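Structure data follow from coords11.txt (compact mmCIF, C-alpha atoms (C1' of nucleotides)):
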# COMPACT_ATOMS: atom_id res chain seq x y z
CA MET A 2 99.76 116.74 90.07
CA ASN A 3 99.62 118.18 86.57
CA LYS A 4 102.65 119.35 84.67
CA ALA A 5 102.06 123.07 85.02
CA LYS A 6 101.53 122.87 88.75
CA LEU A 7 104.56 120.64 89.09
CA LYS A 8 106.80 123.08 87.29
CA LYS A 9 105.49 125.99 89.27
CA THR A 10 106.07 124.16 92.54
CA LEU A 11 109.61 123.17 91.59
CA ASN A 12 110.34 126.76 90.63
CA ARG A 13 108.98 127.93 93.95
CA ALA A 14 111.17 125.40 95.74
CA GLU A 15 114.21 126.60 93.85
CA GLU A 16 113.43 130.16 94.76
CA HIS A 17 112.97 129.12 98.36
CA CYS A 18 116.44 127.56 98.43
CA ARG A 19 118.03 130.58 96.77
CA GLU A 20 116.51 132.77 99.47
CA HIS A 21 117.96 130.49 102.11
CA GLY A 22 121.39 130.32 100.49
CA THR A 23 121.15 126.58 99.87
CA ARG A 24 121.61 124.64 96.66
CA PHE A 25 118.68 123.11 94.86
CA THR A 26 120.71 120.58 92.92
CA GLU A 27 119.46 118.41 90.09
CA LYS A 28 119.21 115.33 92.28
CA ARG A 29 117.36 117.18 95.01
CA LYS A 30 115.01 118.52 92.39
CA HIS A 31 114.42 115.03 91.05
CA ILE A 32 113.64 113.59 94.47
CA LEU A 33 111.21 116.38 95.23
CA GLN A 34 109.61 115.89 91.82
CA LEU A 35 109.09 112.19 92.50
CA LEU A 36 107.39 112.98 95.79
CA LEU A 37 105.23 115.64 94.20
CA GLN A 38 104.13 113.25 91.47
CA SER A 39 103.37 110.38 93.81
CA GLU A 40 99.86 109.78 95.06
CA VAL A 41 101.20 108.11 98.17
CA PRO A 42 104.12 108.73 100.50
CA LEU A 43 107.30 106.90 99.55
CA SER A 44 110.13 105.35 101.49
CA ALA A 45 113.74 106.24 100.82
CA TYR A 46 114.31 102.94 99.06
CA GLU A 47 111.17 103.30 96.99
CA LEU A 48 112.43 106.69 95.91
CA ALA A 49 115.72 105.16 94.82
CA THR A 50 113.83 102.64 92.69
CA HIS A 51 111.53 105.25 91.18
CA TYR A 52 114.54 107.44 90.50
CA GLN A 53 115.98 104.70 88.34
CA SER A 54 112.73 104.31 86.38
CA ALA A 55 112.06 108.00 85.96
CA PHE A 56 115.51 109.38 85.24
CA GLY A 57 117.41 106.37 83.98
CA GLU A 58 120.22 106.56 86.48
CA THR A 59 120.74 104.81 89.77
CA ILE A 60 121.08 106.65 93.02
CA PRO A 61 122.42 105.14 96.25
CA ALA A 62 120.01 104.91 99.15
CA MET A 63 122.43 106.94 101.22
CA SER A 64 122.13 109.86 98.86
CA VAL A 65 118.36 109.64 99.01
CA TYR A 66 118.48 109.88 102.79
CA ARG A 67 120.78 112.86 102.64
CA ILE A 68 118.62 114.58 100.10
CA LEU A 69 115.52 113.90 102.18
CA ASP A 70 117.23 115.37 105.22
CA PHE A 71 118.02 118.45 103.20
CA LEU A 72 114.49 118.79 101.85
CA MET A 73 113.05 118.34 105.33
CA ALA A 74 115.34 121.00 106.72
CA GLU A 75 113.95 123.30 104.03
CA THR A 76 110.41 122.16 104.97
CA LEU A 77 109.79 121.11 101.39
CA VAL A 78 109.23 117.53 102.52
CA HIS A 79 107.76 115.95 105.64
CA LYS A 80 108.48 112.58 107.16
CA LEU A 81 105.58 110.48 108.30
CA ASN A 82 107.01 108.90 111.42
CA SER A 83 104.33 106.29 111.80
CA ALA A 84 104.97 104.88 108.32
CA ASN A 85 108.65 105.68 107.81
CA LYS A 86 107.75 107.34 104.55
CA TYR A 87 108.15 110.78 103.07
CA THR A 88 105.73 113.16 101.42
CA ALA A 89 106.12 116.49 99.67
CA CYS A 90 104.83 119.47 101.60
CA GLU A 91 101.52 120.50 100.13
CA HIS A 92 102.08 124.15 100.91
CA ILE A 93 105.19 124.90 98.89
CA THR A 94 103.38 127.34 96.66
CA CYS A 95 101.44 128.92 99.51
CA ASP A 96 102.55 132.27 100.76
CA HIS A 97 101.21 131.97 104.29
CA GLN A 98 103.39 130.79 107.13
CA HIS A 99 103.43 127.07 107.77
CA GLU A 100 101.03 125.99 110.49
CA VAL A 101 101.21 122.87 112.58
CA PRO A 102 101.49 120.09 110.04
CA GLN A 103 98.79 117.54 110.54
CA PHE A 104 98.50 114.50 108.35
CA LEU A 105 95.49 112.39 107.57
CA ILE A 106 96.70 109.02 106.33
CA CYS A 107 94.28 106.68 104.63
CA GLU A 108 94.85 103.23 106.04
CA ARG A 109 93.72 101.52 102.89
CA CYS A 110 95.12 103.46 99.92
CA GLN A 111 97.85 105.30 101.82
CA ASN A 112 96.76 108.59 100.39
CA VAL A 113 97.86 111.46 102.60
CA LYS A 114 96.26 114.81 103.11
CA GLU A 115 98.14 117.56 104.85
CA VAL A 116 95.74 119.85 106.64
CA GLY A 117 96.15 122.96 108.70
CA ILE A 118 94.67 122.47 112.09
CA GLU A 119 92.44 125.06 113.68
CA PRO A 120 94.66 127.15 115.98
CA SER A 121 92.09 127.04 118.76
CA ILE A 122 92.22 123.27 118.82
CA ILE A 123 95.99 123.31 118.96
CA ALA A 124 95.79 125.81 121.80
CA ALA A 125 93.42 123.57 123.72
CA LEU A 126 95.70 120.63 123.09
CA ALA A 127 98.76 122.55 124.21
CA ASP A 128 96.89 123.57 127.32
CA GLU A 129 96.14 119.97 128.21
CA ILE A 130 99.75 119.07 127.65
CA GLU A 131 100.96 121.86 129.88
CA ARG A 132 98.64 120.68 132.61
CA ALA A 133 100.23 117.24 132.30
CA GLY A 134 103.58 118.91 132.92
CA TYR A 135 104.92 118.58 129.39
CA HIS A 136 106.02 121.10 126.82
CA LEU A 137 105.25 120.60 123.15
CA THR A 138 108.25 120.82 120.85
CA GLN A 139 107.39 119.37 117.45
CA PRO A 140 103.65 119.49 117.13
CA GLN A 141 103.27 117.16 114.18
CA ILE A 142 100.19 115.00 114.32
CA GLU A 143 99.57 111.91 112.22
CA LEU A 144 96.08 110.46 112.22
CA HIS A 145 95.07 107.16 110.70
CA CYS A 146 91.85 107.50 108.77
CA LEU A 147 89.91 106.29 105.79
CA CYS A 148 89.63 108.68 102.89
CA GLU A 149 86.24 109.40 101.35
CA ARG A 150 86.67 106.93 98.52
CA CYS A 151 87.87 104.03 100.64
CA PHE A 152 85.26 104.80 103.27
CA SER A 153 82.49 104.66 100.67
CA ALA A 154 83.85 101.45 99.23
CA SER A 155 83.72 99.66 102.56
CA MET B 22 106.53 101.09 139.58
CA ASN B 23 106.65 99.63 143.09
CA LYS B 24 106.23 95.96 143.84
CA ALA B 25 102.68 96.10 145.22
CA LYS B 26 101.37 98.11 142.30
CA LEU B 27 103.16 95.83 139.87
CA LYS B 28 101.58 92.74 141.36
CA LYS B 29 98.16 94.32 141.41
CA THR B 30 98.48 95.34 137.77
CA LEU B 31 99.62 91.91 136.67
CA ASN B 32 96.70 90.35 138.52
CA ARG B 33 94.34 92.75 136.84
CA ALA B 34 95.83 91.85 133.47
CA GLU B 35 95.38 88.17 134.19
CA GLU B 36 91.78 88.76 135.15
CA HIS B 37 91.29 90.76 131.98
CA CYS B 38 92.53 87.87 129.88
CA ARG B 39 90.40 85.34 131.72
CA GLU B 40 87.34 87.49 131.01
CA HIS B 41 88.29 87.56 127.34
CA GLY B 42 88.96 83.84 127.15
CA THR B 43 92.61 84.31 126.30
CA ARG B 44 95.68 82.88 127.97
CA PHE B 45 97.94 85.00 130.10
CA THR B 46 100.97 82.74 129.88
CA GLU B 47 104.15 83.05 131.88
CA LYS B 48 106.08 84.58 128.99
CA ARG B 49 103.35 87.09 128.27
CA LYS B 50 103.29 87.99 131.92
CA HIS B 51 107.05 88.46 131.91
CA ILE B 52 107.01 90.75 128.90
CA LEU B 53 104.26 92.86 130.38
CA GLN B 54 106.15 93.01 133.65
CA LEU B 55 109.28 94.28 131.90
CA LEU B 56 107.30 97.04 130.23
CA LEU B 57 105.59 97.98 133.48
CA GLN B 58 108.93 98.22 135.25
CA SER B 59 110.64 100.23 132.55
CA GLU B 60 110.81 104.00 132.79
CA VAL B 61 110.99 104.28 129.03
CA PRO B 62 109.35 102.48 126.11
CA LEU B 63 111.29 99.48 124.85
CA SER B 64 111.81 97.91 121.45
CA ALA B 65 111.13 94.24 120.84
CA TYR B 66 114.82 93.46 120.77
CA GLU B 67 115.48 95.44 123.92
CA LEU B 68 112.76 93.39 125.58
CA ALA B 69 114.48 90.19 124.50
CA THR B 70 117.71 91.38 126.07
CA HIS B 71 116.03 92.50 129.30
CA TYR B 72 114.19 89.20 129.42
CA GLN B 73 117.51 87.41 129.54
CA SER B 74 118.80 89.61 132.35
CA ALA B 75 115.64 89.53 134.40
CA PHE B 76 114.52 85.94 134.06
CA GLY B 77 117.71 84.13 133.13
CA GLU B 78 116.42 82.54 129.97
CA THR B 79 116.65 83.65 126.38
CA ILE B 80 113.63 84.42 124.27
CA PRO B 81 113.63 84.70 120.47
CA ALA B 82 112.76 88.08 119.02
CA MET B 83 109.98 86.43 117.08
CA SER B 84 108.29 85.36 120.28
CA VAL B 85 108.59 88.85 121.66
CA TYR B 86 106.83 90.23 118.60
CA ARG B 87 104.06 87.68 118.88
CA ILE B 88 103.62 88.38 122.56
CA LEU B 89 103.53 92.11 121.90
CA ASP B 90 100.88 91.56 119.25
CA PHE B 91 98.84 89.63 121.76
CA LEU B 92 99.24 92.24 124.49
CA MET B 93 98.30 95.00 122.06
CA ALA B 94 95.19 93.12 121.01
CA GLU B 95 94.25 92.98 124.69
CA THR B 96 95.06 96.71 124.98
CA LEU B 97 97.50 95.97 127.75
CA VAL B 98 100.32 97.43 125.69
CA HIS B 99 100.53 100.24 123.16
CA LYS B 100 102.95 100.67 120.29
CA LEU B 101 104.52 104.06 119.78
CA ASN B 102 104.63 104.24 116.02
CA SER B 103 106.94 107.19 115.83
CA ALA B 104 109.61 105.43 117.87
CA ASN B 105 108.95 101.78 117.03
CA LYS B 106 108.81 101.02 120.71
CA TYR B 107 106.29 99.59 123.09
CA THR B 108 104.91 100.77 126.39
CA ALA B 109 102.55 99.26 128.95
CA CYS B 110 99.12 100.77 129.06
CA GLU B 111 98.91 103.05 132.07
CA HIS B 112 95.24 102.34 132.61
CA ILE B 113 95.26 98.61 133.23
CA THR B 114 94.02 99.00 136.78
CA CYS B 115 91.51 101.70 135.91
CA ASP B 116 87.89 100.76 135.76
CA HIS B 117 86.78 103.42 133.32
CA GLN B 118 86.57 102.74 129.62
CA HIS B 119 89.69 103.43 127.62
CA GLU B 120 89.66 106.83 125.99
CA VAL B 121 91.61 107.94 122.99
CA PRO B 122 95.19 107.08 123.85
CA GLN B 123 97.39 110.10 123.58
CA PHE B 124 101.09 109.92 124.27
CA LEU B 125 103.43 112.63 125.36
CA ILE B 126 106.94 111.51 124.57
CA CYS B 127 109.87 113.37 126.09
CA GLU B 128 112.41 113.89 123.37
CA ARG B 129 115.30 113.91 125.74
CA CYS B 130 114.71 111.21 128.34
CA GLN B 131 112.15 109.18 126.35
CA ASN B 132 109.78 109.13 129.26
CA VAL B 133 106.23 108.62 128.09
CA LYS B 134 103.04 109.81 129.64
CA GLU B 135 99.74 108.42 128.50
CA VAL B 136 97.01 110.98 128.94
CA GLY B 137 93.31 110.97 128.32
CA ILE B 138 92.43 113.72 125.93
CA GLU B 139 89.50 116.00 126.59
CA PRO B 140 86.55 114.58 124.60
CA SER B 141 85.57 118.03 123.36
CA ILE B 142 88.97 118.47 121.76
CA ILE B 143 88.71 115.10 120.11
CA ALA B 144 85.29 116.02 118.85
CA ALA B 145 86.59 119.25 117.36
CA LEU B 146 89.45 117.36 115.77
CA ALA B 147 87.13 114.73 114.35
CA ASP B 148 84.97 117.50 112.97
CA GLU B 149 87.89 119.07 111.14
CA ILE B 150 88.84 115.70 109.77
CA GLU B 151 85.32 115.05 108.52
CA ARG B 152 85.35 118.40 106.77
CA ALA B 153 88.55 117.34 105.04
CA GLY B 154 86.68 114.29 103.79
CA TYR B 155 88.37 111.75 106.01
CA HIS B 156 87.11 109.40 108.67
CA LEU B 157 89.13 108.74 111.79
CA THR B 158 89.75 105.08 112.52
CA GLN B 159 92.53 104.75 115.10
CA PRO B 160 92.70 108.03 116.91
CA GLN B 161 96.06 107.52 118.57
CA ILE B 162 98.09 110.67 118.88
CA GLU B 163 101.79 110.85 119.65
CA LEU B 164 103.24 114.20 120.54
CA HIS B 165 106.91 115.00 120.94
CA CYS B 166 107.51 117.08 124.02
CA LEU B 167 109.91 117.84 126.80
CA CYS B 168 108.92 116.62 130.24
CA GLU B 169 109.02 119.00 133.17
CA ARG B 170 112.41 117.85 134.37
CA CYS B 171 114.16 117.98 130.99
CA PHE B 172 112.47 121.30 130.24
CA SER B 173 113.74 122.80 133.47
CA ALA B 174 117.20 121.45 132.86
CA SER B 175 117.52 123.15 129.48
C1' DC C 17 143.05 129.43 89.65
C1' DC C 18 143.32 127.26 93.71
C1' DA C 19 141.43 126.36 98.35
C1' DT C 20 137.52 125.31 100.96
C1' DG C 21 133.41 123.28 101.98
C1' DA C 22 129.33 121.09 100.33
C1' DA C 23 127.30 117.32 97.75
C1' DC C 24 127.59 112.82 96.56
C1' DG C 25 129.34 107.70 95.99
C1' DA C 26 130.60 103.30 98.08
C1' DT C 27 130.68 100.03 101.62
C1' DA C 28 129.52 98.18 105.89
C1' DC C 29 126.65 97.52 109.59
C1' DG C 30 122.73 97.55 113.00
C1' DC C 31 117.91 97.69 114.10
C1' DT C 32 112.92 96.69 113.04
C1' DA C 33 109.72 93.55 111.30
C1' DT C 34 107.53 89.70 108.70
C1' DA C 35 107.18 85.05 106.51
C1' DT C 36 107.25 80.30 107.03
C1' DC C 37 107.66 75.86 108.84
C1' DG C 38 107.95 72.85 112.64
C1' DT C 39 107.17 71.29 117.52
C1' DG C 40 105.04 70.88 121.71
C1' DA C 41 101.65 72.16 125.17
C1' DA C 42 96.91 73.11 126.43
C1' DC C 43 92.14 72.91 125.94
C1' DT C 44 87.86 70.21 124.43
C1' DG C 45 84.50 66.78 123.11
C1' DG C 46 83.44 62.21 123.19
C1' DC D 21 90.91 59.59 129.95
C1' DC D 22 92.21 59.76 125.44
C1' DA D 23 92.27 61.68 120.66
C1' DG D 24 92.04 65.57 117.96
C1' DT D 25 92.30 70.31 117.38
C1' DT D 26 93.87 74.74 118.48
C1' DC D 27 97.13 77.72 120.27
C1' DA D 28 101.77 79.16 121.94
C1' DC D 29 106.28 79.08 120.97
C1' DG D 30 111.02 77.93 118.63
C1' DA D 31 114.13 78.26 114.65
C1' DT D 32 115.61 80.09 110.47
C1' DA D 33 115.54 83.08 106.66
C1' DT D 34 114.71 87.33 104.61
C1' DA D 35 113.08 92.07 103.67
C1' DG D 36 112.96 96.88 104.82
C1' DC D 37 114.60 101.11 107.26
C1' DG D 38 118.36 103.85 108.78
C1' DT D 39 123.16 105.35 110.29
C1' DA D 40 128.29 105.43 110.32
C1' DT D 41 132.34 106.27 107.94
C1' DC D 42 135.50 107.38 104.56
C1' DG D 43 136.70 108.83 100.10
C1' DT D 44 135.83 111.56 95.87
C1' DT D 45 133.85 115.11 93.04
C1' DC D 46 132.02 119.43 92.26
C1' DA D 47 130.65 124.22 92.87
C1' DT D 48 131.84 128.61 94.66
C1' DG D 49 134.35 132.59 96.36
C1' DG D 50 138.59 134.96 97.42

Kindly transcribe the structure held in the file into structure tokens.
Amino acid sequence: MNKAKLKKTLNRAEEHCREHGTRFTEKRKHILQLLLQSEVPLSAYELATHYQSAFGETIPAMSVYRILDFLMAETLVHKLNSANKYTACEHITCDHQHEVPQFLICERCQNVKEVGIEPSIIAALADEIERAGYHLTQPQIELHCLCERCFSAS
Amino acid sequence: MNKAKLKKTLNRAEEHCREHGTRFTEKRKHILQLLLQSEVPLSAYELATHYQSAFGETIPAMSVYRILDFLMAETLVHKLNSANKYTACEHITCDHQHEVPQFLICERCQNVKEVGIEPSIIAALADEIERAGYHLTQPQIELHCLCERCFSAS
DNA sequence: CCATGAACGATACGCTATATCGTGAACTGG
DNA sequence: CCAGTTCACGATATAGCGTATCGTTCATGG
């Protein structure tokens, strides 16, 4: 992510927090920035290490977890359950309402793409689930794929 | 799972391994049995504990992991990535080819239902993924739901 | 300016998983 | 039937992920 886009996104995140009456502290900003700048999702401990490199001060893993919890509650960050890693929401600067988050995770390079799933497909899926006697609560889908580049290279 | 069904399933699993030229050892059989008898998915360490209770002998966690790897390779067991737990395949005694495994996980009671997803939905999903420039490799989907009972109770 | 609550630091601990080396049992070819 | 190889399993160490708890600091509003 280039510098201009980064700044714009961070500003949007700050605005988002102000609207929600929550604090977008320096540390929270830094963690979000690291995730925005990373090509791949990062674990909490990786973030702590990167934090040290990027900002010259150490941060306890505990704090990282707390900050991630905060950022997730604000839907600025998503957790990839299948990898135990975290990724910045790709729709921070979008105005539209958040759809069902669906993640395409490249098995080789770990690159992640967050896509909006076609509502009709979700509806069909929900229908199948209802017929199985279940009720969808957190419709986050994580799919393991190969990205175009890794697919071509193989 | 009742006793007759359990026995039938274990026999089918043994047959499956014989056909594949792999060994269905006593320990592997025991681990599979524990998963078949459990209402909820179990972690490797939980399996080690249950093993002790059920069969009166201890088993190292390492062995459990190796056995789980084996059972997964034989598609007798699936791993739920979002929970880091393991569950017996519900289609061991089915004759039909395995479809895309899709799991409905009850958030409250942890009960898991393995359903076969409608091929047309999968196709539509795959199509969306292709358009995003990705190529699906392991189309396992885990969805967090409430089962009928927990839904009614809330 | 002080009281309150939120954010953060520090420490400890538990669970999940892999790496590595060694041992013993089971299959296989002669 | 025996020797050699492969496979299953044991034992130990270690890394990574995450939560619990308690104490301290800091921002904010009355």

**Report entry** chain B residues near chain D (12 Å cut-off, only C-alpha atoms (C1' of nucleotides)) as a list in words
**Finding:**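 The contacting residues on chain B are Thr43, Arg44, Phe45, Thr46, Glu47, Lys48, Arg49, Thr79, Ile80, Pro81, Ala82, Met83, Ser84, Val85, Tyr86, Arg87, Ile88, Phe91 and Asn105 of chain B.
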
Give me the chain C side of the contact with chain B, cut-off 9 Å, one line per residue showing its nearest atom pair and distance in Å at one decimal, counting only C-alpha atoms (C1' of nucleotides), sorted by chain and residue number, as CSV.
residue,atom,partner,partner_atom,distance
C:DC31,C1',B:Tyr66,CA,8.5
C:DT32,C1',B:Asn105,CA,7.6
C:DA33,C1',B:Tyr86,CA,8.5

**Report entry** d(atom CA of A:Ile122, atom CA of A:Phe152) in Å
**Finding:**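 Those two atoms sit 25.1 Å apart.
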
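The closest residue to chain B, picked from A:Ala89, A:Leu43, A:Cys110, A:Leu81 and counting all atoms listed in the file, is A:Leu81.
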
Requested in this report: Return the neighbours of chain A among the residues of chain B, cut-off 10 Å, counting only C-alpha atoms, as a PyMOL selection string.
Outcome: chain B and resi 101-105+124-128+134-139+141-143+145-146+149-151+153-172

Query raised in the report: atom CA of B:Cys110 and atom CA of B:Leu97, how far apart in Å?
Result: 5.2 Å

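From atom CA of A:Met73 back to atom C1' of C:DA26, the distance works out to 24.2 Å.
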
**Report entry** Close residues, B:Glu35 itself excluded, 9 Å, only C-alpha atoms (C1' of nucleotides), min 3 positions apart in chain, as a ChimeraX atom specification
**Finding:** /B:30-32,38-40,44-46,50

Please put the answer as JSON: centre and edge lengths, in Å with one decimal, of a box along x, y and z that encloses all listed atoms of stretch 43-47 of chain B plus 8 Å on each side.
{"center_x": 98.4, "center_y": 83.9, "center_z": 129.1, "size_x": 27.5, "size_y": 18.3, "size_z": 21.6}

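In terms of minimum interatomic distance to B:Ala75, B:His51 ranks closest within B:Leu89, B:His51, B:Ala94, B:Glu111, counting only C-alpha atoms.
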
Start from the incomplete input, build N, CA and C atoms for stretch 6-35 of chain A, and deliver everything as a PDB file, keeping the file's coordinate frame.
ATOM      1  N   LYS A   6     101.443 122.694  87.305  1.00  0.00           N
ATOM      2  CA  LYS A   6     101.530 122.870  88.750  1.00  0.00           C
ATOM      3  C   LYS A   6     102.866 122.344  89.273  1.00  0.00           C
ATOM      4  N   LEU A   7     103.279 121.222  88.700  1.00  0.00           N
ATOM      5  CA  LEU A   7     104.560 120.640  89.090  1.00  0.00           C
ATOM      6  C   LEU A   7     105.703 121.612  88.843  1.00  0.00           C
ATOM      7  N   LYS A   8     105.717 122.166  87.642  1.00  0.00           N
ATOM      8  CA  LYS A   8     106.800 123.080  87.290  1.00  0.00           C
ATOM      9  C   LYS A   8     106.793 124.305  88.190  1.00  0.00           C
ATOM     10  N   LYS A   9     105.612 124.809  88.418  1.00  0.00           N
ATOM     11  CA  LYS A   9     105.490 125.990  89.270  1.00  0.00           C
ATOM     12  C   LYS A   9     106.008 125.700  90.684  1.00  0.00           C
ATOM     13  N   THR A  10     105.646 124.520  91.180  1.00  0.00           N
ATOM     14  CA  THR A  10     106.070 124.160  92.540  1.00  0.00           C
ATOM     15  C   THR A  10     107.581 123.996  92.616  1.00  0.00           C
ATOM     16  N   LEU A  11     108.150 123.352  91.597  1.00  0.00           N
ATOM     17  CA  LEU A  11     109.610 123.170  91.590  1.00  0.00           C
ATOM     18  C   LEU A  11     110.314 124.529  91.511  1.00  0.00           C
ATOM     19  N   ASN A  12     109.748 125.430  90.718  1.00  0.00           N
ATOM     20  CA  ASN A  12     110.340 126.760  90.630  1.00  0.00           C
ATOM     21  C   ASN A  12     110.279 127.472  91.979  1.00  0.00           C
ATOM     22  N   ARG A  13     109.146 127.297  92.627  1.00  0.00           N
ATOM     23  CA  ARG A  13     108.980 127.930  93.950  1.00  0.00           C
ATOM     24  C   ARG A  13     109.993 127.348  94.946  1.00  0.00           C
ATOM     25  N   ALA A  14     110.210 126.051  94.844  1.00  0.00           N
ATOM     26  CA  ALA A  14     111.170 125.400  95.740  1.00  0.00           C
ATOM     27  C   ALA A  14     112.577 125.923  95.476  1.00  0.00           C
ATOM     28  N   GLU A  15     112.884 126.088  94.204  1.00  0.00           N
ATOM     29  CA  GLU A  15     114.210 126.600  93.850  1.00  0.00           C
ATOM     30  C   GLU A  15     114.416 128.007  94.401  1.00  0.00           C
ATOM     31  N   GLU A  16     113.385 128.787  94.250  1.00  0.00           N
ATOM     32  CA  GLU A  16     113.430 130.160  94.760  1.00  0.00           C
ATOM     33  C   GLU A  16     113.632 130.137  96.277  1.00  0.00           C
ATOM     34  N   HIS A  17     112.878 129.254  96.912  1.00  0.00           N
ATOM     35  CA  HIS A  17     112.970 129.120  98.360  1.00  0.00           C
ATOM     36  C   HIS A  17     114.403 128.831  98.796  1.00  0.00           C
ATOM     37  N   CYS A  18     115.069 127.923  98.084  1.00  0.00           N
ATOM     38  CA  CYS A  18     116.440 127.560  98.430  1.00  0.00           C
ATOM     39  C   CYS A  18     117.393 128.728  98.180  1.00  0.00           C
ATOM     40  N   ARG A  19     117.167 129.437  97.083  1.00  0.00           N
ATOM     41  CA  ARG A  19     118.030 130.580  96.770  1.00  0.00           C
ATOM     42  C   ARG A  19     117.937 131.609  97.898  1.00  0.00           C
ATOM     43  N   GLU A  20     116.710 131.821  98.368  1.00  0.00           N
ATOM     44  CA  GLU A  20     116.510 132.770  99.470  1.00  0.00           C
ATOM     45  C   GLU A  20     117.229 132.333 100.740  1.00  0.00           C
ATOM     46  N   HIS A  21     117.333 131.000 100.895  1.00  0.00           N
ATOM     47  CA  HIS A  21     117.960 130.490 102.110  1.00  0.00           C
ATOM     48  C   HIS A  21     119.452 130.207 101.916  1.00  0.00           C
ATOM     49  N   GLY A  22     119.963 130.540 100.737  1.00  0.00           N
ATOM     50  CA  GLY A  22     121.390 130.320 100.490  1.00  0.00           C
ATOM     51  C   GLY A  22     121.775 128.861 100.426  1.00  0.00           C
ATOM     52  N   THR A  23     120.834 128.004 100.008  1.00  0.00           N
ATOM     53  CA  THR A  23     121.150 126.580  99.870  1.00  0.00           C
ATOM     54  C   THR A  23     120.993 126.180  98.402  1.00  0.00           C
ATOM     55  N   ARG A  24     121.594 125.058  98.063  1.00  0.00           N
ATOM     56  CA  ARG A  24     121.610 124.640  96.660  1.00  0.00           C
ATOM     57  C   ARG A  24     120.493 123.671  96.320  1.00  0.00           C
ATOM     58  N   PHE A  25     119.743 123.998  95.337  1.00  0.00           N
ATOM     59  CA  PHE A  25     118.680 123.110  94.860  1.00  0.00           C
ATOM     60  C   PHE A  25     119.222 122.339  93.665  1.00  0.00           C
ATOM     61  N   THR A  26     120.017 121.321  93.974  1.00  0.00           N
ATOM     62  CA  THR A  26     120.710 120.580  92.920  1.00  0.00           C
ATOM     63  C   THR A  26     119.739 119.733  92.092  1.00  0.00           C
ATOM     64  N   GLU A  27     120.271 119.212  91.009  1.00  0.00           N
ATOM     65  CA  GLU A  27     119.460 118.410  90.090  1.00  0.00           C
ATOM     66  C   GLU A  27     118.853 117.200  90.798  1.00  0.00           C
ATOM     67  N   LYS A  28     119.682 116.521  91.573  1.00  0.00           N
ATOM     68  CA  LYS A  28     119.210 115.330  92.280  1.00  0.00           C
ATOM     69  C   LYS A  28     118.137 115.683  93.307  1.00  0.00           C
ATOM     70  N   ARG A  29     118.344 116.754  94.012  1.00  0.00           N
ATOM     71  CA  ARG A  29     117.360 117.180  95.010  1.00  0.00           C
ATOM     72  C   ARG A  29     116.047 117.531  94.316  1.00  0.00           C
ATOM     73  N   LYS A  30     116.194 118.167  93.173  1.00  0.00           N
ATOM     74  CA  LYS A  30     115.010 118.520  92.390  1.00  0.00           C
ATOM     75  C   LYS A  30     114.278 117.256  91.961  1.00  0.00           C
ATOM     76  N   HIS A  31     115.031 116.281  91.515  1.00  0.00           N
ATOM     77  CA  HIS A  31     114.420 115.030  91.050  1.00  0.00           C
ATOM     78  C   HIS A  31     113.676 114.313  92.176  1.00  0.00           C
ATOM     79  N   ILE A  32     114.296 114.268  93.338  1.00  0.00           N
ATOM     80  CA  ILE A  32     113.640 113.590  94.470  1.00  0.00           C
ATOM     81  C   ILE A  32     112.347 114.322  94.834  1.00  0.00           C
ATOM     82  N   LEU A  33     112.417 115.623  94.899  1.00  0.00           N
ATOM     83  CA  LEU A  33     111.210 116.380  95.230  1.00  0.00           C
ATOM     84  C   LEU A  33     110.134 116.155  94.169  1.00  0.00           C
ATOM     85  N   GLN A  34     110.563 116.120  92.909  1.00  0.00           N
ATOM     86  CA  GLN A  34     109.610 115.890  91.820  1.00  0.00           C
ATOM     87  C   GLN A  34     108.911 114.541  91.974  1.00  0.00           C
ATOM     88  N   LEU A  35     109.673 113.526  92.321  1.00  0.00           N
ATOM     89  CA  LEU A  35     109.090 112.190  92.500  1.00  0.00           C
ATOM     90  C   LEU A  35     108.037 112.213  93.601  1.00  0.00           C
TER      91      LEU A  35
END
